[in-house]
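A.B. asks: Structure file structure23.tsv, TSV, C-alpha atoms, is pasted below:
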```tsv
chain	number	residue	atom	x	y	z
A	29	MET	CA	186.93	93.77	65.56
A	30	GLU	CA	189.42	93.96	68.39
A	31	LYS	CA	191.98	96.72	68.82
A	32	ILE	CA	195.38	95.07	69.08
A	33	LEU	CA	198.80	96.55	69.81
A	34	VAL	CA	201.70	94.61	68.30
A	35	THR	CA	205.10	95.79	69.49
A	36	GLY	CA	207.97	95.01	67.15
A	37	ALA	CA	205.60	95.17	64.17
A	38	ALA	CA	208.44	95.92	61.73
A	39	GLY	CA	210.25	92.80	62.89
A	40	PHE	CA	210.08	89.32	61.42
A	41	ILE	CA	207.39	87.76	63.64
A	42	GLY	CA	205.61	91.06	64.30
A	43	PHE	CA	205.19	91.70	60.58
A	44	HIS	CA	203.70	88.28	59.85
A	45	LEU	CA	201.42	88.40	62.90
A	46	SER	CA	200.17	91.91	62.10
A	47	LYS	CA	199.45	90.94	58.49
A	48	ARG	CA	197.45	87.90	59.57
A	49	LEU	CA	195.47	89.91	62.15
A	50	LEU	CA	194.68	92.60	59.56
A	51	GLU	CA	193.52	89.93	57.11
A	52	GLU	CA	191.20	88.63	59.84
A	53	GLY	CA	189.64	92.10	60.22
A	54	HIS	CA	191.25	93.39	63.39
A	55	ASN	CA	192.42	96.93	64.03
A	56	VAL	CA	196.18	96.79	64.52
A	57	THR	CA	198.54	99.41	65.90
A	58	GLY	CA	202.14	98.50	65.17
A	59	LEU	CA	204.85	99.90	67.42
A	60	ASP	CA	208.52	99.82	66.41
A	61	ILE	CA	211.63	101.95	66.90
A	62	VAL	CA	213.12	100.59	63.63
A	63	ASN	CA	216.66	100.42	64.97
A	64	ASP	CA	219.71	99.42	62.96
A	65	TYR	CA	220.44	96.07	64.65
A	66	TYR	CA	219.97	94.81	61.10
A	67	ASP	CA	219.17	96.58	57.82
A	68	PRO	CA	216.30	99.03	58.51
A	69	ALA	CA	215.37	98.89	54.80
A	70	LEU	CA	214.03	95.37	55.32
A	71	LYS	CA	211.92	96.60	58.24
A	72	TYR	CA	210.53	99.53	56.24
A	73	ASP	CA	209.68	97.19	53.36
A	74	ARG	CA	207.69	95.01	55.77
A	75	LEU	CA	205.92	98.12	57.09
A	76	ALA	CA	205.10	99.25	53.56
A	77	ILE	CA	203.06	96.07	53.12
A	78	LEU	CA	201.23	96.55	56.43
A	79	GLU	CA	200.46	100.19	55.67
A	80	LYS	CA	198.41	99.13	52.66
A	81	TYR	CA	195.74	97.94	55.11
A	82	PRO	CA	193.34	100.73	56.23
A	83	ASP	CA	193.09	99.29	59.76
A	84	PHE	CA	196.84	99.46	60.40
A	85	THR	CA	198.47	102.36	62.26
A	86	PHE	CA	202.22	102.58	62.61
A	87	VAL	CA	203.76	104.28	65.64
A	88	LYS	CA	207.51	104.89	65.63
A	89	LYS	CA	208.39	105.21	69.28
A	90	ASP	CA	210.81	103.64	71.74
A	91	MET	CA	209.32	101.21	74.28
A	92	ALA	CA	211.87	102.48	76.79
A	93	ASP	CA	210.37	106.01	76.57
A	94	ARG	CA	207.97	105.98	79.53
A	95	SER	CA	205.96	109.08	78.62
A	96	ALA	CA	205.60	107.96	75.00
A	97	MET	CA	204.23	104.59	76.14
A	98	GLU	CA	201.86	106.22	78.61
A	99	GLY	CA	200.47	108.35	75.79
A	100	LEU	CA	200.21	105.44	73.37
A	101	PHE	CA	198.25	103.30	75.82
A	102	SER	CA	195.97	106.06	77.11
A	103	GLU	CA	194.93	106.94	73.55
A	104	GLY	CA	194.94	103.42	72.09
A	105	GLY	CA	192.12	101.64	73.91
A	106	PHE	CA	193.76	98.29	73.20
A	107	ASP	CA	191.93	95.05	73.96
A	108	VAL	CA	194.96	92.80	73.53
A	109	VAL	CA	198.69	93.55	73.49
A	110	VAL	CA	201.22	91.25	71.81
A	111	SER	CA	204.69	92.31	72.90
A	112	LEU	CA	207.26	91.04	70.41
A	113	ALA	CA	209.65	94.01	70.45
A	114	ALA	CA	212.99	93.22	72.04
A	115	GLN	CA	216.68	93.53	71.45
A	116	ALA	CA	217.26	90.12	69.93
A	117	GLY	CA	220.31	87.97	69.40
A	118	VAL	CA	222.42	85.85	71.72
A	119	ARG	CA	225.77	86.83	70.21
A	120	HIS	CA	225.05	90.55	70.10
A	121	SER	CA	224.25	90.44	73.83
A	122	LEU	CA	227.91	89.64	74.49
A	123	LYS	CA	228.93	92.86	72.72
A	124	ASP	CA	226.23	95.31	73.81
A	125	PRO	CA	224.52	94.12	77.01
A	126	HIS	CA	223.16	97.57	77.87
A	127	SER	CA	220.82	97.59	74.87
A	128	TYR	CA	219.14	94.48	76.29
A	129	ALA	CA	218.46	96.22	79.60
A	130	ASP	CA	217.00	99.27	77.84
A	131	SER	CA	214.66	97.40	75.51
A	132	ASN	CA	213.96	94.07	77.17
A	133	LEU	CA	213.73	95.27	80.78
A	134	VAL	CA	212.81	98.98	80.83
A	135	GLY	CA	210.77	98.73	77.64
A	136	PHE	CA	208.87	95.66	78.79
A	137	LEU	CA	208.13	97.27	82.16
A	138	ASN	CA	206.53	100.19	80.30
A	139	ILE	CA	204.35	97.72	78.37
A	140	LEU	CA	203.27	96.05	81.62
A	141	GLU	CA	202.42	99.44	83.13
A	142	GLY	CA	200.44	100.39	80.02
A	143	CYS	CA	198.42	97.17	80.24
A	144	ARG	CA	197.85	97.60	83.98
A	145	HIS	CA	196.53	101.16	83.78
A	146	ASN	CA	194.42	100.79	80.63
A	147	ASN	CA	192.31	97.66	81.17
A	148	VAL	CA	194.06	95.47	78.61
A	149	LYS	CA	192.32	92.08	78.62
A	150	HIS	CA	195.33	89.94	77.71
A	151	LEU	CA	199.08	90.48	77.36
A	152	VAL	CA	200.85	87.95	75.15
A	153	PHE	CA	204.62	88.36	75.16
A	154	ALA	CA	207.59	86.81	73.44
A	155	SER	CA	209.99	84.78	75.51
A	156	SER	CA	212.58	82.47	73.95
A	157	SER	CA	213.87	78.92	73.94
A	158	SER	CA	217.14	80.47	75.10
A	159	VAL	CA	215.76	80.63	78.66
A	160	TYR	CA	216.43	76.89	78.97
A	161	GLY	CA	220.14	77.76	79.10
A	162	ALA	CA	222.20	75.02	80.71
A	163	ASN	CA	219.25	72.58	80.88
A	164	THR	CA	220.01	69.28	79.14
A	165	LYS	CA	216.85	67.23	79.81
A	166	MET	CA	215.05	66.96	76.47
A	167	PRO	CA	212.52	67.91	75.28
A	168	PHE	CA	212.47	71.24	77.10
A	169	SER	CA	209.27	71.58	79.14
A	170	VAL	CA	207.63	74.73	80.49
A	171	HIS	CA	207.27	72.80	83.74
A	172	ASP	CA	211.07	72.57	84.16
A	173	ASN	CA	213.09	75.07	86.17
A	174	VAL	CA	214.94	77.60	83.98
A	175	ASP	CA	217.29	79.37	86.35
A	176	HIS	CA	220.59	78.90	84.51
A	177	PRO	CA	220.70	81.22	81.45
A	178	VAL	CA	223.94	81.28	79.46
A	179	SER	CA	223.59	84.74	77.87
A	180	ILE	CA	222.32	88.14	78.99
A	181	TYR	CA	219.70	87.90	76.21
A	182	ALA	CA	218.35	84.70	77.78
A	183	ALA	CA	218.45	86.30	81.23
A	184	SER	CA	216.43	89.26	79.94
A	185	LYS	CA	213.75	86.97	78.51
A	186	LYS	CA	213.56	85.02	81.76
A	187	ALA	CA	213.23	88.39	83.51
A	188	ASN	CA	210.26	89.22	81.25
A	189	GLU	CA	208.53	86.06	82.43
A	190	LEU	CA	209.14	86.98	86.08
A	191	MET	CA	208.00	90.58	85.58
A	192	ALA	CA	204.82	89.45	83.82
A	193	HIS	CA	204.05	87.02	86.62
A	194	SER	CA	204.35	89.75	89.24
A	195	TYR	CA	201.85	91.92	87.33
A	196	SER	CA	199.54	88.96	86.90
A	197	HIS	CA	199.70	88.39	90.67
A	198	LEU	CA	199.42	92.03	91.73
A	199	TYR	CA	196.88	93.35	89.22
A	200	ASN	CA	195.10	90.22	87.96
A	201	LEU	CA	196.45	90.94	84.45
A	202	PRO	CA	196.20	87.83	82.23
A	203	CYS	CA	199.71	87.25	80.86
A	204	THR	CA	200.84	84.52	78.48
A	205	GLY	CA	204.51	84.06	77.61
A	206	LEU	CA	205.58	82.25	74.44
A	207	ARG	CA	208.97	80.58	74.18
A	208	PHE	CA	209.74	80.59	70.46
A	209	PHE	CA	212.09	77.98	69.04
A	210	THR	CA	214.35	79.05	66.11
A	211	VAL	CA	211.82	80.75	63.84
A	212	TYR	CA	212.50	80.90	60.09
A	213	GLY	CA	210.71	81.79	56.87
A	214	PRO	CA	210.17	84.57	54.30
A	215	TRP	CA	211.03	88.10	55.47
A	216	GLY	CA	213.29	86.52	58.12
A	217	ARG	CA	216.07	88.16	60.10
A	218	PRO	CA	219.43	88.63	58.32
A	219	ASP	CA	221.36	87.63	61.46
A	220	MET	CA	219.78	84.14	61.55
A	221	ALA	CA	221.46	81.02	60.14
A	222	LEU	CA	219.10	80.45	57.21
A	223	PHE	CA	219.60	83.99	55.90
A	224	LEU	CA	223.38	83.94	56.48
A	225	PHE	CA	223.85	80.51	54.88
A	226	THR	CA	221.69	81.30	51.85
A	227	LYS	CA	223.48	84.59	51.20
A	228	ALA	CA	226.94	83.04	51.55
A	229	ILE	CA	226.21	80.01	49.35
A	230	LEU	CA	224.75	82.18	46.59
A	231	GLU	CA	227.84	84.42	46.78
A	232	ASP	CA	230.22	81.40	46.70
A	233	ARG	CA	231.54	82.20	50.18
A	234	PRO	CA	232.15	79.59	52.90
A	235	ILE	CA	229.66	79.28	55.76
A	236	ASN	CA	230.62	79.14	59.43
A	237	VAL	CA	229.28	75.96	61.02
A	238	PHE	CA	229.58	76.13	64.79
A	239	ASN	CA	230.03	73.25	67.24
A	240	HIS	CA	231.48	71.37	64.23
A	241	GLY	CA	227.94	70.91	62.89
A	242	LYS	CA	226.75	69.04	65.98
A	243	MET	CA	224.12	71.65	66.85
A	244	GLN	CA	220.46	70.66	66.95
A	245	ARG	CA	217.64	73.15	66.60
A	246	ASP	CA	213.87	72.90	66.72
A	247	PHE	CA	213.38	74.95	63.54
A	248	THR	CA	209.85	76.39	63.46
A	249	TYR	CA	208.23	77.88	60.35
A	250	ILE	CA	206.83	81.39	60.69
A	251	ASP	CA	203.24	80.44	59.72
A	252	ASP	CA	203.19	77.90	62.55
A	253	ILE	CA	204.41	80.53	65.00
A	254	VAL	CA	201.70	82.98	63.91
A	255	GLU	CA	198.97	80.34	64.15
A	256	GLY	CA	200.12	79.48	67.66
A	257	VAL	CA	200.20	83.13	68.74
A	258	ILE	CA	196.71	83.83	67.41
A	259	ARG	CA	195.22	80.79	69.12
A	260	VAL	CA	196.84	81.80	72.41
A	261	MET	CA	195.63	85.41	72.02
A	262	LYS	CA	192.06	84.15	71.94
A	263	ARG	CA	192.53	82.26	75.20
A	264	PRO	CA	193.56	84.62	78.01
A	265	ALA	CA	195.68	82.98	80.69
A	266	ARG	CA	193.72	81.54	83.62
A	267	PRO	CA	194.73	80.56	87.14
A	268	ASN	CA	195.75	76.94	87.61
A	269	PRO	CA	193.55	75.63	90.46
A	270	GLY	CA	196.02	72.79	91.06
A	271	TRP	CA	199.02	75.09	91.54
A	272	SER	CA	200.79	74.60	94.86
A	273	GLY	CA	203.51	76.62	96.54
A	274	ASP	CA	204.83	73.38	98.05
A	275	ALA	CA	205.71	72.13	94.57
A	276	PRO	CA	205.55	75.23	92.35
A	277	ASP	CA	204.94	74.66	88.65
A	278	PRO	CA	207.10	77.14	86.66
A	279	GLY	CA	204.76	77.00	83.65
A	280	SER	CA	201.55	78.16	85.34
A	281	SER	CA	200.35	79.93	88.47
A	282	TYR	CA	197.57	80.59	90.98
A	283	ALA	CA	197.42	83.91	89.09
A	284	PRO	CA	196.21	84.27	85.45
A	285	TYR	CA	199.63	83.47	84.01
A	286	LYS	CA	200.80	80.79	81.59
A	287	ILE	CA	203.91	79.86	79.59
A	288	TYR	CA	203.91	77.88	76.31
A	289	ASN	CA	206.62	76.52	74.07
A	290	ILE	CA	206.00	77.03	70.35
A	291	GLY	CA	208.37	74.76	68.46
A	292	ASN	CA	208.28	72.16	65.75
A	293	ASN	CA	208.86	69.34	68.28
A	294	LYS	CA	211.42	67.80	65.89
A	295	PRO	CA	215.04	68.80	66.52
A	296	VAL	CA	217.17	68.79	63.36
A	297	GLN	CA	220.94	68.44	63.07
A	298	LEU	CA	222.56	71.58	61.68
A	299	MET	CA	224.18	69.54	58.88
A	300	LYS	CA	220.74	68.30	57.80
A	301	PHE	CA	219.47	71.89	57.83
A	302	ILE	CA	222.36	72.88	55.55
A	303	GLU	CA	221.64	69.95	53.21
A	304	VAL	CA	218.05	71.13	52.73
A	305	ILE	CA	219.30	74.65	51.92
A	306	GLU	CA	221.82	73.22	49.43
A	307	ASP	CA	219.13	71.13	47.76
A	308	ALA	CA	216.78	74.11	47.47
A	309	LEU	CA	219.56	76.28	46.02
A	310	GLY	CA	221.04	73.56	43.82
A	311	LYS	CA	224.49	74.47	45.17
A	312	ARG	CA	226.86	72.92	47.70
A	313	ALA	CA	228.28	74.92	50.60
A	314	GLU	CA	231.91	75.21	51.58
A	315	LYS	CA	231.92	74.77	55.36
A	316	ASN	CA	234.19	76.24	58.04
A	317	LEU	CA	233.78	73.90	61.03
A	318	LEU	CA	234.18	75.92	64.23
A	319	PRO	CA	233.75	75.36	68.00
A	320	LEU	CA	230.63	76.25	69.97
A	321	GLN	CA	230.31	80.01	70.51
A	322	PRO	CA	229.95	81.59	73.96
A	323	GLY	CA	226.27	81.96	74.89
A	324	ASP	CA	225.09	79.28	72.45
A	325	VAL	CA	223.44	76.03	73.50
A	326	PRO	CA	224.15	72.77	71.64
A	327	ALA	CA	220.51	71.72	71.22
A	328	THR	CA	216.90	72.88	71.52
A	329	TYR	CA	213.83	70.65	71.49
A	330	ALA	CA	210.34	71.82	72.50
A	331	ASN	CA	207.82	69.86	74.53
A	332	ILE	CA	204.54	71.31	73.21
A	333	ASP	CA	202.06	69.15	75.14
A	334	ASP	CA	200.48	72.16	76.86
A	335	LEU	CA	200.03	74.03	73.57
A	336	ILE	CA	198.32	71.00	72.01
A	337	GLN	CA	196.14	70.42	75.05
A	338	ASP	CA	195.05	74.03	75.61
A	339	VAL	CA	194.71	75.49	72.10
A	340	GLY	CA	194.66	72.37	69.91
A	341	PHE	CA	197.63	73.27	67.75
A	342	LYS	CA	200.85	71.50	66.83
A	343	PRO	CA	203.42	73.15	64.53
A	344	ASP	CA	204.26	70.70	61.76
A	345	THR	CA	205.76	72.45	58.72
A	346	PRO	CA	208.79	70.38	57.62
A	347	LEU	CA	212.06	72.01	56.59
A	348	GLU	CA	211.63	70.59	53.10
A	349	VAL	CA	208.56	72.84	52.73
A	350	GLY	CA	209.63	75.91	54.73
A	351	ILE	CA	213.18	76.42	53.44
A	352	PRO	CA	212.24	76.49	49.72
A	353	LYS	CA	209.59	79.11	50.56
A	354	PHE	CA	212.24	81.26	52.23
A	355	ILE	CA	214.65	80.87	49.30
A	356	GLU	CA	211.90	81.74	46.81
A	357	TRP	CA	211.23	84.94	48.78
A	358	TYR	CA	214.96	85.70	49.14
A	359	LYS	CA	215.64	85.47	45.42
A	360	GLU	CA	212.61	87.59	44.59
A	361	TYR	CA	213.37	90.23	47.24
A	362	TYR	CA	217.05	90.56	46.29
A	363	LYS	CA	216.34	90.10	42.56
A	364	ILE	CA	218.52	87.01	42.15
A	365	LYS	CA	217.91	84.84	39.10
```
How does the structure come out when it is put into structure tokens?
C.D. replies:
Amino acid sequence: MEKILVTGAAGFIGFHLSKRLLEEGHNVTGLDIVNDYYDPALKYDRLAILEKYPDFTFVKKDMADRSAMEGLFSEGGFDVVVSLAAQAGVRHSLKDPHSYADSNLVGFLNILEGCRHNNVKHLVFASSSSVYGANTKMPFSVHDNVDHPVSIYAASKKANELMAHSYSHLYNLPCTGLRFFTVYGPWGRPDMALFLFTKAILEDRPINVFNHGKMQRDFTYIDDIVEGVIRVMKRPARPNPGWSGDAPDPGSSYAPYKIYNIGNNKPVQLMKFIEVIEDALGKRAEKNLLPLQPGDVPATYANIDDLIQDVGFKPDTPLEVGIPKFIEWYKEYYKIK
């Protein structure tokens, strides 16, 4: 039984990952500040499920609080850390950029320091498909340069990758970054399209469809994300013996550092996504067709060759399976008949 710290345990991915780890018999400490970026009641309801497990400990502290993180790590004796806590959201980063510096930069630095000083065997951390920014070559590959972010959120996630690499280089800390592609499923985030569309359609309100519906996303079901994370956790990053400074590979290193995409590898048109929601609800949506929003990218599409090669896993849950599961949960959670 390993001792695992999951930051952002009250969040969407953190909740599902923690639950799976507890079911597998691990000892899990869940860290979360439980902020009000979206309804804290949803976060506390997730935590209530986790707290039913005797091997789960919840710690309500702020990652950006250096002394609190020093205490947590010195007392925790963690074998593996999975850092999922972050200020999320591309659009929110246009309104409140400072919150991204506090959580995603200062907070993540405190996690790196905790790992460095307390003999953590492997740090797995959440990056994002948003780091691909202005890149247009599809599918997005971890071996491509990602130096042109189009939001401060994306820039902060790219910064996490750079910070982790420096700790991997300086302190031989195995670090693996995971670029998640548009995660959805039960207990999902209320600021994400699936949640917003479902709520609006059920309430007979129009939905806002940006880029006139010409968006493409590599929608990835939560169970596939969790499976990918767990497989990566069990395989600490290793140096790439073929890495060369003459032709540097952005996805690996001479140090124990590695980046993976976790996506469904099947980009879907936004209009198709809406059709599957409509079919699952048995209702049609009234659509407001709007231009592309600042900070958004028109398409995401994950190259997952490295994930398949290294951990033998390929996400494959189709929308026609995943979306009805979300809607079933949504109706039950909000008591909709």
A.B. asks: Mind giving me the straight-line distance from CA of Lys363 (chain A) to CA of Ile77 (chain A) in Å, one decimal?
C.D. replies: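 Straight-line distance from CA of Lys363 (chain A) to CA of Ile77 (chain A) works out to 18.0 Å.
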A.B. asks: Within 12 Å of region 220-226 of chain A, which residues of region 109-205 of chain A come that close, and what is the closest atom pair and distance in Å for each? Count all atoms listed in the file and give it as a Markdown table.
C.D. replies:
```
| residue | atom | partner | partner_atom | distance |
| --- | --- | --- | --- | --- |
| A:Ala116 | CA | A:Met220 | CA | 10.6 |
| A:Gly117 | CA | A:Met220 | CA | 8.8 |
| A:Val118 | CA | A:Met220 | CA | 10.6 |
| A:Arg119 | CA | A:Met220 | CA | 10.9 |
| A:His120 | CA | A:Met220 | CA | 11.9 |
```
A.B. asks: Could you write those residues out with C-alpha atoms, as a tab-separated table (two decimals), keeping the file's coordinate frame?
C.D. replies:
```tsv
chain	number	residue	atom	x	y	z
A	116	ALA	CA	217.26	90.12	69.93
A	117	GLY	CA	220.31	87.97	69.40
A	118	VAL	CA	222.42	85.85	71.72
A	119	ARG	CA	225.77	86.83	70.21
A	120	HIS	CA	225.05	90.55	70.10
```
A.B. asks: Given the choices A:Arg48, A:Gly161, A:Asp172, A:Ile229, which gets closest to Asp252 (chain A) if the distance is worked out from all atoms listed in the file?
C.D. replies: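 Nearest to Asp252 (chain A): A:Arg48.
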A.B. asks: Go through A:Thr248, A:Gln297, A:Ser281, A:Thr35 one by one, measure the shortest atom-to-atom distance of each to His197 (chain A) using only C-alpha atoms, and give the residue with the smallest value.
C.D. replies: A:Ser281
A.B. asks: At a cut-off of 8 Å, using all atoms listed in the file, what residues contact Val159 (chain A)? Leave out same-chain residues fewer than 5 positions from it and give the result as an mmCIF file with C-alpha atoms, in the frame of the given file.
C.D. replies:
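Listed below is the output, part07.cif:
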```
data_model
loop_
_atom_site.group_PDB
_atom_site.id
_atom_site.type_symbol
_atom_site.label_atom_id
_atom_site.label_comp_id
_atom_site.auth_asym_id
_atom_site.auth_seq_id
_atom_site.Cartn_x
_atom_site.Cartn_y
_atom_site.Cartn_z
ATOM 1 C CA VAL A 174 214.940 77.600 83.980
ATOM 2 C CA ASP A 175 217.290 79.370 86.350
ATOM 3 C CA HIS A 176 220.590 78.900 84.510
ATOM 4 C CA PRO A 177 220.700 81.220 81.450
ATOM 5 C CA ALA A 182 218.350 84.700 77.780
ATOM 6 C CA ALA A 183 218.450 86.300 81.230
ATOM 7 C CA LYS A 185 213.750 86.970 78.510
ATOM 8 C CA LYS A 186 213.560 85.020 81.760
#
```
A.B. asks: Just how far from CA of Leu190 (chain A) is CA of Ser156 (chain A), in Å to one decimal?
C.D. replies: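 Distance between the two atoms: 13.4 Å.
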A.B. asks: Given only C-alpha atoms as the basis, pick out the residue of A:Gly142, A:Gly99, A:Gly58, A:Gly270 nearest to Glu79 (chain A).
C.D. replies: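 For Glu79 (chain A), the nearest of the given residues is A:Gly58.
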A.B. asks: Can you tell me which residues surround Tyr65 (chain A) at a distance of at most 12 Å, considering all atoms listed in the file, apart from same-chain residues fewer than 2 positions away, and format the answer as a list in words?
C.D. replies: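 Once the nearby chain positions are removed, what remains is Gly39, Ile61, Val62, Asn63, Asp67, Pro68, Ala69, Leu70, Lys71, Ala114, Gln115, Ala116, Gly117, His120, Ser121, Asp124, Ser127, Tyr128, Arg217, Pro218 and Asp219 of chain A.
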A.B. asks: Which residue gives the smallest distance to Gly36 (chain A) among A:Val296, A:Ile235, A:Ala113, A:Ala92, with all atoms listed in the file counted?
C.D. replies: A:Ala113
A.B. asks: Neighbouring residues of region 305-311 of chain A were defined as those with any atom within 12 Å, considering all atoms listed in the file; residues of the same chain fewer than 6 positions away were excluded. Please report them as a PyMOL selection string.
C.D. replies: chain A and resi 221-233+235+298-299+347-356+358-359+364-365
A.B. asks: Taking into account all atoms listed in the file, which residue in the set A:Asn293, A:Asn132, A:Gln244, A:Asn200 is nearest to Ile332 (chain A)?
C.D. replies: A:Asn293
A.B. asks: Counting all atoms listed in the file, which of A:Gln321, A:Asn292, A:Asn188, A:Asn146 gets nearest to Val237 (chain A)?
C.D. replies: A:Gln321
A.B. asks: To one decimal in Å, tell me the separation between CA of Ala38 (chain A) and CA of Asp60 (chain A).
C.D. replies: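 Distance reported for this atom pair: 6.1 Å.
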A.B. asks: Identify the residues within 7 Å of coordinate (193.7, 93.8, 72.6) (same frame as the file), considering only C-alpha atoms, and give the answer as a count of residues only.
C.D. replies: 11
A.B. asks: For Pro264 (chain A), please output as a list in words all residues within 10 Å (counting all atoms listed in the file; exclusion window: fewer than 6 positions along the same chain).
C.D. replies: Val108, Lys149, His150, Leu151, Val152, Leu201, Pro202, Cys203, Thr204, Pro284, Tyr285 and Lys286 of chain A
